[in-house]
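What follows is one structure encoded as structure tokens, with my remarks underneath.
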Amino acid sequence: MSYSHQNMGSGSRIARGYEFGRTYVVRPKGQHQATIVWLHGLGDNGSSSSQLLESLSLPNIKWICPTAPSRPVSLLGGFPCTAWFDVGEISEDLHDDIEGLDASAAHIANLLSTEPTDVKVGIGGFSMGAAIALYSTTCYALGRYGTGHPYTINLRATVGLSGWLPGWRSLRSKIESSNEAARRAASIPVILAHGTSDDVVPYRFGEKSAHSLAMAGFRQVVFKPYEGLGHYTVPKEMDEVVHWLASRLGLQGSR
């Protein structure tokens with residue numbers, strides 16, 4: 001495994017004055033066929049993600065594991081920690097920090113923008129990382145960020161573990177207003193997994209996310225419930241992700 005600090009220039013690495021942390025890269029052990037940006041949860045960092053991903057049997061994938069900026073988080077009473085965007089209590093009335101979501105989605109897109117054109121690209125994450133991965137996926141479908149700026153990355157797969165879907169209330173109407181958005185939404189495979197005993201991001205939010213995506217026209221959504229699982233990952237779950245990615249991305253020699 002090699003670690004590299006991505007020097008992307010100040011404009012793409014700063015969100016509202018909060019600088020993104022170190023980026024870790026797990027290089028493919030075989031032929032480079034796909035690159036996936038993997039996004040950690042609240043208070044974590046890219047290093048721990050890279051250690052998990054290095055152990056997966058996906059030799060054709062390059063993993064890019066950025067670290068979120070340290071910022072005050074409403075959920076923690078304003079205490080600062082690494083977070084992709086500001087978030088309050090996870091509830092049906094959760095306010096979406098569109099500015100923070102857009103800044104992180106743009107940083108992630110920038111990390112993917114220099115990948116070779118013959119390499120398939122995707123996004124995945126855990127908890128808050130899954131939320132920003134799903135938000136990025138809706139930006140891909142709509143062809144724009146929440147601010148209206150163009151989103152130009154051609155995503156090929158999304159993985160969301162123990163997370164939620166920001167902007168779910170208005171997603172369907174936005175997708176249905178554009179034939180091109182509907183086409184893109186229908187084209188991208190998405191896998192969501194959630195533990196039924198999750199006490200941080202309750203299971204119903206994983207279920208609601210999958211339902212909201214499907215209702216908005218994302219036709220290739222897979223939702224995997226894990227009975228008794230809390231807010232963490234287990235080998236069985238990661239094995240399913242491995243097999244799903246190998247199949248959906250058409251990777252050779254991954255098993």
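Each chain of the structure tokens is named A, B, ... in the order shown, its residues numbered from 1; ligands are numbered from 1 in display order.
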**OP:** Could you pull out the residues in region 4-203 of chain A that DSSP calls alpha helix (DSSP H) from the backbone, as a PyMOL selection string?
**Re:** chain A and resi 10-13+46-54+98-112+128-142+168-176+179-187+203
Write out as CSV the residues of region 120-175 of chain A that have any atom within 10 Å of an atom of region 236-251 of chain A, one row each with the nearest atom pair and its distance in Å to one decimal, counting only C-alpha atoms, sorted by chain and then rising number.
residue,atom,partner,partner_atom,distance
A:Lys120,CA,A:Leu249,CA,7.3
A:Val121,CA,A:Leu249,CA,9.0
A:Gly122,CA,A:Leu249,CA,9.3
A:Arg156,CA,A:Leu249,CA,7.3
A:Ala157,CA,A:Leu249,CA,7.4
A:Thr158,CA,A:Leu245,CA,9.0
A:Val159,CA,A:Val241,CA,7.7
A:Gly160,CA,A:Val241,CA,9.7
A:Leu161,CA,A:Glu237,CA,9.0
Selection to disk with C-alpha atoms, as a JSON list (two decimals), in the first residue's frame:
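Contents of the output file result_14.json:
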[["chain", "number", "residue", "atom", "x", "y", "z"],
["A", 120, "LYS", "CA", -14.15, 3.05, -14.59],
["A", 121, "VAL", "CA", -14.75, 5.32, -11.61],
["A", 122, "GLY", "CA", -17.04, 5.04, -8.62],
["A", 156, "ARG", "CA", -20.15, 3.82, -12.86],
["A", 157, "ALA", "CA", -20.98, 2.47, -9.39],
["A", 158, "THR", "CA", -21.89, 3.63, -5.87],
["A", 159, "VAL", "CA", -21.60, 1.84, -2.52],
["A", 160, "GLY", "CA", -23.32, 3.17, 0.59],
["A", 161, "LEU", "CA", -22.95, 1.40, 3.94]]
Subject >> Spatial neighbours of region 210-227 of chain A, 10 Å, only C-alpha atoms, chain gap at least 3 places, as a ChimeraX atom specification >> reply: /A:134,138,141,157-162,164-165,167-176,181-198,203-207,230,233-234,236-237,240,244
Near region 147-155 of chain A, within 8 Å and counting only C-alpha atoms, which residues show up once chain neighbours fewer than 5 positions away are dropped, as an mmCIF file with N, CA and C atoms, in the first residue's frame?
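Output file selection_23.cif follows:
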data_model
loop_
_atom_site.group_PDB
_atom_site.id
_atom_site.type_symbol
_atom_site.label_atom_id
_atom_site.label_comp_id
_atom_site.auth_asym_id
_atom_site.auth_seq_id
_atom_site.Cartn_x
_atom_site.Cartn_y
_atom_site.Cartn_z
ATOM 1 N N ILE A 98 -26.259 22.075 2.037
ATOM 2 C CA ILE A 98 -25.971 21.970 0.607
ATOM 3 C C ILE A 98 -24.589 22.531 0.273
ATOM 4 N N GLU A 99 -24.218 23.625 0.907
ATOM 5 C CA GLU A 99 -22.907 24.211 0.619
ATOM 6 C C GLU A 99 -21.783 23.247 1.001
ATOM 7 N N ASP A 102 -21.872 20.184 -1.411
ATOM 8 C CA ASP A 102 -21.310 20.525 -2.721
ATOM 9 C C ASP A 102 -19.789 20.633 -2.676
ATOM 10 N N ALA A 109 -14.937 14.739 -6.814
ATOM 11 C CA ALA A 109 -14.915 14.739 -8.277
ATOM 12 C C ALA A 109 -13.531 15.133 -8.795
ATOM 13 N N LEU A 112 -11.165 12.296 -8.848
ATOM 14 C CA LEU A 112 -11.421 11.337 -9.929
ATOM 15 C C LEU A 112 -11.131 11.907 -11.309
ATOM 16 N N SER A 113 -10.997 13.213 -11.410
ATOM 17 C CA SER A 113 -10.935 13.870 -12.716
ATOM 18 C C SER A 113 -9.665 13.549 -13.501
ATOM 19 N N LYS A 120 -12.815 2.749 -15.131
ATOM 20 C CA LYS A 120 -14.149 3.051 -14.595
ATOM 21 C C LYS A 120 -14.011 3.662 -13.205
ATOM 22 N N VAL A 121 -14.858 4.636 -12.893
ATOM 23 C CA VAL A 121 -14.748 5.318 -11.606
ATOM 24 C C VAL A 121 -16.044 5.205 -10.816
ATOM 25 N N GLY A 122 -15.889 5.148 -9.493
ATOM 26 C CA GLY A 122 -17.044 5.044 -8.619
ATOM 27 C C GLY A 122 -16.765 5.689 -7.278
ATOM 28 N N ILE A 123 -17.780 5.663 -6.424
ATOM 29 C CA ILE A 123 -17.699 6.272 -5.097
ATOM 30 C C ILE A 123 -18.351 5.336 -4.093
ATOM 31 N N THR A 137 -23.807 10.878 -6.241
ATOM 32 C CA THR A 137 -24.511 10.090 -7.253
ATOM 33 C C THR A 137 -25.714 10.839 -7.796
ATOM 34 N N CYS A 139 -25.882 14.090 -7.890
ATOM 35 C CA CYS A 139 -25.274 15.157 -8.714
ATOM 36 C C CYS A 139 -24.935 14.624 -10.098
ATOM 37 N N TYR A 140 -24.400 13.390 -10.151
ATOM 38 C CA TYR A 140 -24.092 12.759 -11.437
ATOM 39 C C TYR A 140 -25.360 12.629 -12.279
ATOM 40 N N ILE A 188 -26.889 3.909 -13.445
ATOM 41 C CA ILE A 188 -25.822 3.687 -12.466
ATOM 42 C C ILE A 188 -26.222 2.662 -11.406
#
Subject >> Å distance separating CA of Ser74 (chain A) from CA of Val87 (chain A), one decimal place >> reply: 5.8 Å
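Computed from the coordinates, the CA of Val25 (chain A) to CA of Ile108 (chain A) distance equals 13.3 Å.
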Subject >> Contact residues around region 27-32 of chain A with only C-alpha atoms at 8 Å, ignoring same-chain residues under 3 positions, as a list in words >> reply: Met1, Ser2, Thr35, Leu58, Pro59, Asn60, Ile61, Lys62, Trp63 and Val119 of chain A
Original post:
Leaving out region 47-49 of chain A and any residue of its chain fewer than 6 positions from it, which residues lie within 12 Å of it when counting only C-alpha atoms, given as JSON, numbers by chain?
Top reply: {"A": [1, 2, 3, 4, 5, 21, 22, 23, 24, 25, 26, 36, 37, 38, 39, 40, 41, 55, 56, 63, 64, 65, 66, 67, 68, 124, 125, 126, 129, 233]}
Grab the residues selected above and save them as a PDB file, in the first residue's frame with N, CA and C atoms.
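Below you can see out.pdb, which holds the result:
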ATOM      1  N   MET A   1       0.845  -1.184   0.000  1.00  0.00           N
ATOM      2  CA  MET A   1       0.000   0.000   0.000  1.00  0.00           C
ATOM      3  C   MET A   1       0.882   1.236   0.000  1.00  0.00           C
ATOM      4  N   SER A   2       0.528   2.205  -0.826  1.00  0.00           N
ATOM      5  CA  SER A   2       1.292   3.445  -0.828  1.00  0.00           C
ATOM      6  C   SER A   2       0.395   4.584  -0.385  1.00  0.00           C
ATOM      7  N   TYR A   3       0.935   5.483   0.371  1.00  0.00           N
ATOM      8  CA  TYR A   3       0.203   6.642   0.841  1.00  0.00           C
ATOM      9  C   TYR A   3       0.717   7.851   0.094  1.00  0.00           C
ATOM     10  N   SER A   4      -0.190   8.654  -0.411  1.00  0.00           N
ATOM     11  CA  SER A   4       0.259   9.875  -1.073  1.00  0.00           C
ATOM     12  C   SER A   4      -0.646  11.025  -0.688  1.00  0.00           C
ATOM     13  N   HIS A   5      -0.057  12.146  -0.427  1.00  0.00           N
ATOM     14  CA  HIS A   5      -0.816  13.346  -0.130  1.00  0.00           C
ATOM     15  C   HIS A   5      -1.098  14.058  -1.437  1.00  0.00           C
ATOM     16  N   GLY A  21      -8.120  17.121   4.617  1.00  0.00           N
ATOM     17  CA  GLY A  21      -6.938  16.484   5.181  1.00  0.00           C
ATOM     18  C   GLY A  21      -6.203  15.633   4.168  1.00  0.00           C
ATOM     19  N   ARG A  22      -5.376  14.745   4.692  1.00  0.00           N
ATOM     20  CA  ARG A  22      -4.508  13.919   3.860  1.00  0.00           C
ATOM     21  C   ARG A  22      -5.309  12.875   3.081  1.00  0.00           C
ATOM     22  N   THR A  23      -4.881  12.629   1.863  1.00  0.00           N
ATOM     23  CA  THR A  23      -5.479  11.591   1.022  1.00  0.00           C
ATOM     24  C   THR A  23      -4.546  10.387   0.964  1.00  0.00           C
ATOM     25  N   TYR A  24      -5.109   9.199   1.178  1.00  0.00           N
ATOM     26  CA  TYR A  24      -4.360   7.946   1.138  1.00  0.00           C
ATOM     27  C   TYR A  24      -4.784   7.172  -0.104  1.00  0.00           C
ATOM     28  N   VAL A  25      -3.825   6.531  -0.747  1.00  0.00           N
ATOM     29  CA  VAL A  25      -4.101   5.785  -1.974  1.00  0.00           C
ATOM     30  C   VAL A  25      -3.665   4.335  -1.804  1.00  0.00           C
ATOM     31  N   VAL A  26      -4.565   3.406  -2.111  1.00  0.00           N
ATOM     32  CA  VAL A  26      -4.230   1.984  -2.169  1.00  0.00           C
ATOM     33  C   VAL A  26      -4.144   1.616  -3.649  1.00  0.00           C
ATOM     34  N   ILE A  36     -11.979   3.861  -7.212  1.00  0.00           N
ATOM     35  CA  ILE A  36     -13.102   4.226  -6.348  1.00  0.00           C
ATOM     36  C   ILE A  36     -12.608   5.125  -5.227  1.00  0.00           C
ATOM     37  N   VAL A  37     -13.278   6.254  -5.055  1.00  0.00           N
ATOM     38  CA  VAL A  37     -13.034   7.100  -3.889  1.00  0.00           C
ATOM     39  C   VAL A  37     -13.890   6.555  -2.750  1.00  0.00           C
ATOM     40  N   TRP A  38     -13.228   6.262  -1.608  1.00  0.00           N
ATOM     41  CA  TRP A  38     -13.946   5.725  -0.441  1.00  0.00           C
ATOM     42  C   TRP A  38     -13.917   6.764   0.683  1.00  0.00           C
ATOM     43  N   LEU A  39     -15.086   7.015   1.260  1.00  0.00           N
ATOM     44  CA  LEU A  39     -15.274   8.127   2.178  1.00  0.00           C
ATOM     45  C   LEU A  39     -15.610   7.642   3.586  1.00  0.00           C
ATOM     46  N   HIS A  40     -14.816   8.116   4.533  1.00  0.00           N
ATOM     47  CA  HIS A  40     -14.951   7.671   5.925  1.00  0.00           C
ATOM     48  C   HIS A  40     -16.155   8.316   6.619  1.00  0.00           C
ATOM     49  N   GLY A  41     -16.447   7.853   7.813  1.00  0.00           N
ATOM     50  CA  GLY A  41     -17.536   8.395   8.602  1.00  0.00           C
ATOM     51  C   GLY A  41     -17.104   9.582   9.455  1.00  0.00           C
ATOM     52  N   SER A  55      -7.315  -4.915   2.314  1.00  0.00           N
ATOM     53  CA  SER A  55      -7.514  -6.339   2.586  1.00  0.00           C
ATOM     54  C   SER A  55      -8.533  -6.992   1.651  1.00  0.00           C
ATOM     55  N   LEU A  56      -9.232  -6.202   0.844  1.00  0.00           N
ATOM     56  CA  LEU A  56     -10.272  -6.756  -0.025  1.00  0.00           C
ATOM     57  C   LEU A  56      -9.671  -7.421  -1.256  1.00  0.00           C
ATOM     58  N   TRP A  63      -7.916   2.475  -4.873  1.00  0.00           N
ATOM     59  CA  TRP A  63      -8.768   3.135  -3.883  1.00  0.00           C
ATOM     60  C   TRP A  63      -8.148   4.480  -3.499  1.00  0.00           C
ATOM     61  N   ILE A  64      -8.945   5.514  -3.552  1.00  0.00           N
ATOM     62  CA  ILE A  64      -8.520   6.841  -3.093  1.00  0.00           C
ATOM     63  C   ILE A  64      -9.313   7.160  -1.829  1.00  0.00           C
ATOM     64  N   CYS A  65      -8.598   7.426  -0.754  1.00  0.00           N
ATOM     65  CA  CYS A  65      -9.240   7.597   0.562  1.00  0.00           C
ATOM     66  C   CYS A  65      -8.908   8.972   1.132  1.00  0.00           C
ATOM     67  N   PRO A  66      -9.710   9.981   0.806  1.00  0.00           N
ATOM     68  CA  PRO A  66      -9.448  11.323   1.323  1.00  0.00           C
ATOM     69  C   PRO A  66      -9.866  11.457   2.783  1.00  0.00           C
ATOM     70  N   THR A  67      -9.417  12.525   3.409  1.00  0.00           N
ATOM     71  CA  THR A  67      -9.809  12.852   4.779  1.00  0.00           C
ATOM     72  C   THR A  67     -10.604  14.148   4.753  1.00  0.00           C
ATOM     73  N   ALA A  68     -11.749  14.137   5.409  1.00  0.00           N
ATOM     74  CA  ALA A  68     -12.629  15.310   5.438  1.00  0.00           C
ATOM     75  C   ALA A  68     -11.987  16.452   6.220  1.00  0.00           C
ATOM     76  N   GLY A 124     -17.761   5.265  -2.892  1.00  0.00           N
ATOM     77  CA  GLY A 124     -18.359   4.490  -1.821  1.00  0.00           C
ATOM     78  C   GLY A 124     -18.047   5.123  -0.483  1.00  0.00           C
ATOM     79  N   GLY A 125     -18.754   4.674   0.544  1.00  0.00           N
ATOM     80  CA  GLY A 125     -18.456   5.213   1.856  1.00  0.00           C
ATOM     81  C   GLY A 125     -19.296   4.595   2.948  1.00  0.00           C
ATOM     82  N   PHE A 126     -18.932   4.961   4.179  1.00  0.00           N
ATOM     83  CA  PHE A 126     -19.598   4.458   5.377  1.00  0.00           C
ATOM     84  C   PHE A 126     -20.199   5.630   6.152  1.00  0.00           C
ATOM     85  N   GLY A 129     -19.900   9.180   5.162  1.00  0.00           N
ATOM     86  CA  GLY A 129     -19.236   8.947   3.882  1.00  0.00           C
ATOM     87  C   GLY A 129     -20.193   8.365   2.848  1.00  0.00           C
ATOM     88  N   THR A 233     -19.117  -2.305  10.068  1.00  0.00           N
ATOM     89  CA  THR A 233     -19.121  -3.271   8.977  1.00  0.00           C
ATOM     90  C   THR A 233     -18.655  -4.629   9.488  1.00  0.00           C
TER      91      THR A 233
END
Write out as a tab-separated table (two decimals) with C-alpha atoms, in the first residue's frame each polymer residue whose atoms come within 8 Å of Val73 (chain A), counting only C-alpha atoms; drop sequence neighbours fewer than 2 positions from it.
chain	number	residue	atom	x	y	z
A	71	ARG	CA	-15.15	21.61	11.19
A	75	LEU	CA	-24.72	17.10	16.02
A	76	LEU	CA	-21.83	17.41	18.49
A	77	GLY	CA	-22.89	20.78	19.83
A	78	GLY	CA	-20.43	22.61	17.62
A	79	PHE	CA	-17.45	20.48	18.63
A	80	PRO	CA	-14.99	20.26	15.70
A	81	CYS	CA	-14.11	16.95	14.07
A	83	ALA	CA	-16.86	15.86	8.66
A	86	ASP	CA	-22.39	19.86	8.82
A	87	VAL	CA	-25.11	17.62	10.19
A	88	GLY	CA	-27.60	17.74	13.04
**OP:** Enumerate as a PyMOL selection string all residues of region 17-252 of chain A assigned to strand (DSSP E or B) by DSSP on the backbone, naming them with the chain letters and numbers the document uses.
**Re:** chain A and resi 18-19+24-26+34-39+61-65+70-73+79-82+120-126+144+150+155-161+190-195+221-226
Residues from the last selection, C-alpha atoms, saved as a JSON list (two decimals), in the first residue's frame:
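selection09.json written:
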[["chain", "number", "residue", "atom", "x", "y", "z"],
["A", 18, "TYR", "CA", -11.97, 24.25, 6.08],
["A", 19, "GLU", "CA", -9.05, 22.46, 4.49],
["A", 24, "TYR", "CA", -4.36, 7.95, 1.14],
["A", 25, "VAL", "CA", -4.10, 5.78, -1.97],
["A", 26, "VAL", "CA", -4.23, 1.98, -2.17],
["A", 34, "ALA", "CA", -11.33, 0.89, -11.84],
["A", 35, "THR", "CA", -10.82, 3.67, -9.31],
["A", 36, "ILE", "CA", -13.10, 4.23, -6.35],
["A", 37, "VAL", "CA", -13.03, 7.10, -3.89],
["A", 38, "TRP", "CA", -13.95, 5.73, -0.44],
["A", 39, "LEU", "CA", -15.27, 8.13, 2.18],
["A", 61, "ILE", "CA", -9.22, -1.38, -8.13],
["A", 62, "LYS", "CA", -7.30, 1.70, -7.09],
["A", 63, "TRP", "CA", -8.77, 3.13, -3.88],
["A", 64, "ILE", "CA", -8.52, 6.84, -3.09],
["A", 65, "CYS", "CA", -9.24, 7.60, 0.56],
["A", 70, "SER", "CA", -12.14, 19.36, 10.55],
["A", 71, "ARG", "CA", -15.15, 21.61, 11.19],
["A", 72, "PRO", "CA", -17.70, 22.38, 13.91],
["A", 73, "VAL", "CA", -20.52, 19.82, 13.79],
["A", 79, "PHE", "CA", -17.45, 20.48, 18.63],
["A", 80, "PRO", "CA", -14.99, 20.26, 15.70],
["A", 81, "CYS", "CA", -14.11, 16.95, 14.07],
["A", 82, "THR", "CA", -13.57, 15.57, 10.57],
["A", 120, "LYS", "CA", -14.15, 3.05, -14.59],
["A", 121, "VAL", "CA", -14.75, 5.32, -11.61],
["A", 122, "GLY", "CA", -17.04, 5.04, -8.62],
["A", 123, "ILE", "CA", -17.70, 6.27, -5.10],
["A", 124, "GLY", "CA", -18.36, 4.49, -1.82],
["A", 125, "GLY", "CA", -18.46, 5.21, 1.86],
["A", 126, "PHE", "CA", -19.60, 4.46, 5.38],
["A", 144, "ARG", "CA", -25.06, 19.46, -11.67],
["A", 150, "PRO", "CA", -21.96, 21.24, -13.85],
["A", 155, "LEU", "CA", -19.75, 7.56, -12.26],
["A", 156, "ARG", "CA", -20.15, 3.82, -12.86],
["A", 157, "ALA", "CA", -20.98, 2.47, -9.39],
["A", 158, "THR", "CA", -21.89, 3.63, -5.87],
["A", 159, "VAL", "CA", -21.60, 1.84, -2.52],
["A", 160, "GLY", "CA", -23.32, 3.17, 0.59],
["A", 161, "LEU", "CA", -22.95, 1.40, 3.94],
["A", 190, "VAL", "CA", -26.03, 1.41, -6.46],
["A", 191, "ILE", "CA", -25.69, -0.97, -3.52],
["A", 192, "LEU", "CA", -26.84, 0.04, -0.04],
["A", 193, "ALA", "CA", -26.36, -2.04, 3.11],
["A", 194, "HIS", "CA", -27.60, -1.32, 6.62],
["A", 195, "GLY", "CA", -27.70, -3.09, 9.95],
["A", 221, "VAL", "CA", -30.52, -0.14, -6.61],
["A", 222, "VAL", "CA", -29.75, -3.13, -4.38],
["A", 223, "PHE", "CA", -30.59, -2.89, -0.67],
["A", 224, "LYS", "CA", -29.04, -5.39, 1.74],
["A", 225, "PRO", "CA", -30.31, -5.55, 5.32],
["A", 226, "TYR", "CA", -28.06, -7.15, 7.94]]
